[in-house]
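See below for the structure under consideration.
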Amino acid sequence: MDIYLIVEAFSVLLNLAFLALLIKRSKWCWPFGIIGSSLGVFLFIAPGAEVKLYSEAILYSYYIWIGVYGWYKWEEEKDDVKIVGWSLKQNAIAFAVGLVSFPVLGYLMDTYFDSNSPYLDALTTSFSFIASYMQARRVLTSWHFWVVINAVSIYLYLNRGLNLYSGLMVVYFVFSLYGLQQWRKSAVKP
């Protein structure tokens with residue numbers, strides 16, 4: 001069996017565990033996300049895999065660090081992880097940062113690296129940075145970002161032959177809708 005397929009399969013399983021625990025607001029989601037993301041970094045840049053999604057490798061490296069941050073922030077809250085709402089202005093700023101940053105990252109990946117799908121890769125990466133930060137801060141609207149990011153990522157991963165990751169994004173898409181609903185029930189208004 002292909003080593004890259006095995007790595008992809010383990011990463012998918014760990015990331016599914018992350019998502020299930022995240023929706024339940026369990027701090028134990030973060031270790032699963034950290035390990036699953038570490039495997040993803042390897043897969044995206046491994047020379048033999050020919051995936052060459054460098055922005056995704058940067059993103060998954062960030063997921064490792066945001067996992068440590070999320071663990072720390074949620075540990076402070078103990079078992080009472082409160083979901084918060086952001087104002088329209090805060091959400092607009094987050095969206096604007098994504099709109100400004102993705103073309104810059106896409107240009108860099110297109111110009112200086114042999115990246116596959118540099119602008120689409122940069123789009124999902126830029127907005128995932130923002131959504132991940134929001135999620136670590138327990139912001140309800142992070143799920144809105146994830147619904148769109150996961151839908152676009154289905155195509156991105158299929159395009160690179162990462163069928164298991166693409167399937168993971170289908171699951172993420174569905175569970176992003178479910179996570180939004182679950183977090184909305186306990187959100188604290190801004």
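Residue numbers start at 1 in each chain; chains themselves are named A, B, ... in the order of the structure tokens; ligands are numbered from 1 in the order shown.
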If you run DSSP on the backbone, which residues of stretch 3-134 of chain A are helix (DSSP H, G or I), as a PyMOL selection string? chain A and resi 3-23+29-45+47-49+54-77+88-112+118-134
Selected residue, from A:Gly36, A:Pro118, A:Pro103, A:Gly179, that lies nearest to A:Val139 when counting only C-alpha atoms: A:Gly179
One decimal place gives the atom CA of A:Arg137-atom CA of A:Leu43 separation as 27.9 Å
What are the nearest atom pairs, with distances in Å to one decimal, for all residues of stretch 21-117 of chain A that come at most 8 Å from stretch 1-13 of chain A, using only C-alpha atoms, set out by chain and rising residue number as CSV?
```
residue,atom,partner,partner_atom,distance
A:Ile35,CA,A:Ser11,CA,7.6
A:Gly36,CA,A:Ser11,CA,4.4
A:Ser37,CA,A:Ser11,CA,6.9
A:Leu39,CA,A:Ser11,CA,5.7
A:Gly40,CA,A:Ser11,CA,6.3
A:Leu43,CA,A:Tyr4,CA,6.6
A:Ala49,CA,A:Tyr4,CA,6.5
```
Take the residues from that selection and put them in a file with N, CA, C and O atoms, as a PDB file, in the first residue's frame.
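Okay, this is what ended up in again.pdb:
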```
ATOM      1  N   ILE A  35      -1.962  16.452  15.854  1.00  0.00           N
ATOM      2  CA  ILE A  35      -1.323  15.287  15.223  1.00  0.00           C
ATOM      3  C   ILE A  35      -1.812  15.114  13.785  1.00  0.00           C
ATOM      4  O   ILE A  35      -1.016  14.885  12.869  1.00  0.00           O
ATOM      5  N   GLY A  36      -3.122  15.251  13.566  1.00  0.00           N
ATOM      6  CA  GLY A  36      -3.658  15.135  12.211  1.00  0.00           C
ATOM      7  C   GLY A  36      -3.084  16.182  11.275  1.00  0.00           C
ATOM      8  O   GLY A  36      -2.763  15.899  10.114  1.00  0.00           O
ATOM      9  N   SER A  37      -2.911  17.388  11.779  1.00  0.00           N
ATOM     10  CA  SER A  37      -2.345  18.471  10.965  1.00  0.00           C
ATOM     11  C   SER A  37      -0.871  18.218  10.655  1.00  0.00           C
ATOM     12  O   SER A  37      -0.399  18.521   9.559  1.00  0.00           O
ATOM     13  N   LEU A  39       0.541  15.365  10.182  1.00  0.00           N
ATOM     14  CA  LEU A  39       0.569  14.414   9.065  1.00  0.00           C
ATOM     15  C   LEU A  39       0.210  15.108   7.752  1.00  0.00           C
ATOM     16  O   LEU A  39       0.769  14.787   6.698  1.00  0.00           O
ATOM     17  N   GLY A  40      -0.719  16.065   7.808  1.00  0.00           N
ATOM     18  CA  GLY A  40      -1.090  16.808   6.611  1.00  0.00           C
ATOM     19  C   GLY A  40       0.071  17.613   6.052  1.00  0.00           C
ATOM     20  O   GLY A  40       0.276  17.651   4.833  1.00  0.00           O
ATOM     21  N   LEU A  43       2.250  15.345   4.112  1.00  0.00           N
ATOM     22  CA  LEU A  43       1.627  14.921   2.863  1.00  0.00           C
ATOM     23  C   LEU A  43       1.682  16.012   1.788  1.00  0.00           C
ATOM     24  O   LEU A  43       1.953  15.730   0.625  1.00  0.00           O
ATOM     25  N   ALA A  49       4.992  12.515  -3.027  1.00  0.00           N
ATOM     26  CA  ALA A  49       3.532  12.605  -3.116  1.00  0.00           C
ATOM     27  C   ALA A  49       3.088  13.470  -4.291  1.00  0.00           C
ATOM     28  O   ALA A  49       1.988  13.304  -4.811  1.00  0.00           O
TER      29      ALA A  49
END
```
What is the atom CA of A:Ala151-atom CA of A:Asn15 distance in Å, reported with one decimal?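 These atoms are spaced 16.5 Å apart.
The closest residue to A:Ala17, picked from A:Phe95, A:Phe129, A:Trp30, A:Trp65 and counting only C-alpha atoms, is A:Trp30.
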Can you pull out every residue within 10 Å of A:Tyr62, counting only C-alpha atoms, but drop anything in the same chain fewer than 3 positions away, and send it as a PyMOL selection string? chain A and resi 34+37-38+41+56-59+65-68+125+128-129+132-133
Same residues, N, CA, C and O atoms, output as a PDB file, in the first residue's frame:
```pdb
ATOM      1  N   ILE A  34      -3.790  18.584  16.301  1.00  0.00           N
ATOM      2  CA  ILE A  34      -2.343  18.823  16.188  1.00  0.00           C
ATOM      3  C   ILE A  34      -1.662  17.669  15.453  1.00  0.00           C
ATOM      4  O   ILE A  34      -0.890  17.885  14.514  1.00  0.00           O
ATOM      5  N   SER A  37      -2.911  17.388  11.779  1.00  0.00           N
ATOM      6  CA  SER A  37      -2.345  18.471  10.965  1.00  0.00           C
ATOM      7  C   SER A  37      -0.871  18.218  10.655  1.00  0.00           C
ATOM      8  O   SER A  37      -0.399  18.521   9.559  1.00  0.00           O
ATOM      9  N   SER A  38      -0.143  17.647  11.607  1.00  0.00           N
ATOM     10  CA  SER A  38       1.272  17.325  11.377  1.00  0.00           C
ATOM     11  C   SER A  38       1.415  16.345  10.218  1.00  0.00           C
ATOM     12  O   SER A  38       2.297  16.499   9.361  1.00  0.00           O
ATOM     13  N   VAL A  41       0.845  18.257   6.920  1.00  0.00           N
ATOM     14  CA  VAL A  41       2.014  19.023   6.461  1.00  0.00           C
ATOM     15  C   VAL A  41       2.936  18.113   5.671  1.00  0.00           C
ATOM     16  O   VAL A  41       3.382  18.444   4.565  1.00  0.00           O
ATOM     17  N   GLU A  56      -1.308  25.131   1.721  1.00  0.00           N
ATOM     18  CA  GLU A  56      -1.955  24.210   2.661  1.00  0.00           C
ATOM     19  C   GLU A  56      -0.950  23.718   3.704  1.00  0.00           C
ATOM     20  O   GLU A  56      -1.299  23.555   4.873  1.00  0.00           O
ATOM     21  N   ALA A  57       0.296  23.494   3.296  1.00  0.00           N
ATOM     22  CA  ALA A  57       1.325  23.077   4.261  1.00  0.00           C
ATOM     23  C   ALA A  57       1.554  24.176   5.298  1.00  0.00           C
ATOM     24  O   ALA A  57       1.695  23.888   6.497  1.00  0.00           O
ATOM     25  N   ILE A  58       1.567  25.417   4.846  1.00  0.00           N
ATOM     26  CA  ILE A  58       1.694  26.539   5.779  1.00  0.00           C
ATOM     27  C   ILE A  58       0.482  26.562   6.703  1.00  0.00           C
ATOM     28  O   ILE A  58       0.611  26.725   7.923  1.00  0.00           O
ATOM     29  N   LEU A  59      -0.695  26.387   6.125  1.00  0.00           N
ATOM     30  CA  LEU A  59      -1.922  26.398   6.911  1.00  0.00           C
ATOM     31  C   LEU A  59      -1.922  25.289   7.966  1.00  0.00           C
ATOM     32  O   LEU A  59      -2.234  25.518   9.131  1.00  0.00           O
ATOM     33  N   TRP A  65       0.049  25.088  15.604  1.00  0.00           N
ATOM     34  CA  TRP A  65       0.228  26.150  16.604  1.00  0.00           C
ATOM     35  C   TRP A  65      -1.103  26.631  17.168  1.00  0.00           C
ATOM     36  O   TRP A  65      -1.215  26.907  18.357  1.00  0.00           O
ATOM     37  N   ILE A  66      -2.120  26.742  16.323  1.00  0.00           N
ATOM     38  CA  ILE A  66      -3.426  27.184  16.832  1.00  0.00           C
ATOM     39  C   ILE A  66      -4.020  26.092  17.733  1.00  0.00           C
ATOM     40  O   ILE A  66      -4.778  26.394  18.658  1.00  0.00           O
ATOM     41  N   GLY A  67      -3.646  24.841  17.485  1.00  0.00           N
ATOM     42  CA  GLY A  67      -4.070  23.756  18.368  1.00  0.00           C
ATOM     43  C   GLY A  67      -3.495  23.911  19.768  1.00  0.00           C
ATOM     44  O   GLY A  67      -4.190  23.713  20.769  1.00  0.00           O
ATOM     45  N   VAL A  68      -2.232  24.297  19.836  1.00  0.00           N
ATOM     46  CA  VAL A  68      -1.606  24.551  21.136  1.00  0.00           C
ATOM     47  C   VAL A  68      -2.284  25.749  21.803  1.00  0.00           C
ATOM     48  O   VAL A  68      -2.621  25.704  22.989  1.00  0.00           O
ATOM     49  N   THR A 125      -6.539  28.835   2.312  1.00  0.00           N
ATOM     50  CA  THR A 125      -5.552  29.007   3.384  1.00  0.00           C
ATOM     51  C   THR A 125      -5.771  30.303   4.144  1.00  0.00           C
ATOM     52  O   THR A 125      -5.807  30.313   5.371  1.00  0.00           O
ATOM     53  N   SER A 128      -8.880  30.142   6.173  1.00  0.00           N
ATOM     54  CA  SER A 128      -8.753  29.141   7.233  1.00  0.00           C
ATOM     55  C   SER A 128      -7.931  29.659   8.404  1.00  0.00           C
ATOM     56  O   SER A 128      -8.209  29.315   9.555  1.00  0.00           O
ATOM     57  N   PHE A 129      -6.920  30.473   8.119  1.00  0.00           N
ATOM     58  CA  PHE A 129      -6.158  31.111   9.195  1.00  0.00           C
ATOM     59  C   PHE A 129      -7.112  31.894  10.094  1.00  0.00           C
ATOM     60  O   PHE A 129      -7.074  31.794  11.317  1.00  0.00           O
ATOM     61  N   SER A 132      -9.723  29.613  11.935  1.00  0.00           N
ATOM     62  CA  SER A 132      -9.089  28.844  13.010  1.00  0.00           C
ATOM     63  C   SER A 132      -8.870  29.710  14.241  1.00  0.00           C
ATOM     64  O   SER A 132      -9.110  29.270  15.375  1.00  0.00           O
ATOM     65  N   TYR A 133      -8.394  30.919  14.020  1.00  0.00           N
ATOM     66  CA  TYR A 133      -8.213  31.842  15.140  1.00  0.00           C
ATOM     67  C   TYR A 133      -9.551  32.109  15.820  1.00  0.00           C
ATOM     68  O   TYR A 133      -9.655  32.081  17.052  1.00  0.00           O
TER      69      TYR A 133
END
```
Pick from A:Thr141, A:Asn163, A:Ser101, A:Ser186: nearest to A:Ser87, with only C-alpha atoms counted? A:Thr141
One decimal, Å: what's the distance from atom CA of A:Met134 over to atom CA of A:Trp28, could you say?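 Distance between the two atoms: 17.7 Å.
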List the spatial neighbours of A:Val104 as a list of chain:residue names - criterion: any atom at most 12 Å away, only C-alpha atoms, same-chain residues fewer than 2 positions off excluded.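 Final neighbour list, sorted by chain and number: A:Ser55, A:Val97, A:Gly98, A:Leu99, A:Val100, A:Ser101, A:Phe102, A:Gly106, A:Tyr107, A:Leu108, A:Met109, A:Asp110, A:Thr111, A:Tyr112, A:Pro118, A:Tyr119, A:Leu120, A:Asp121, A:Ala122, A:Leu123, A:Thr125, A:Ser126.
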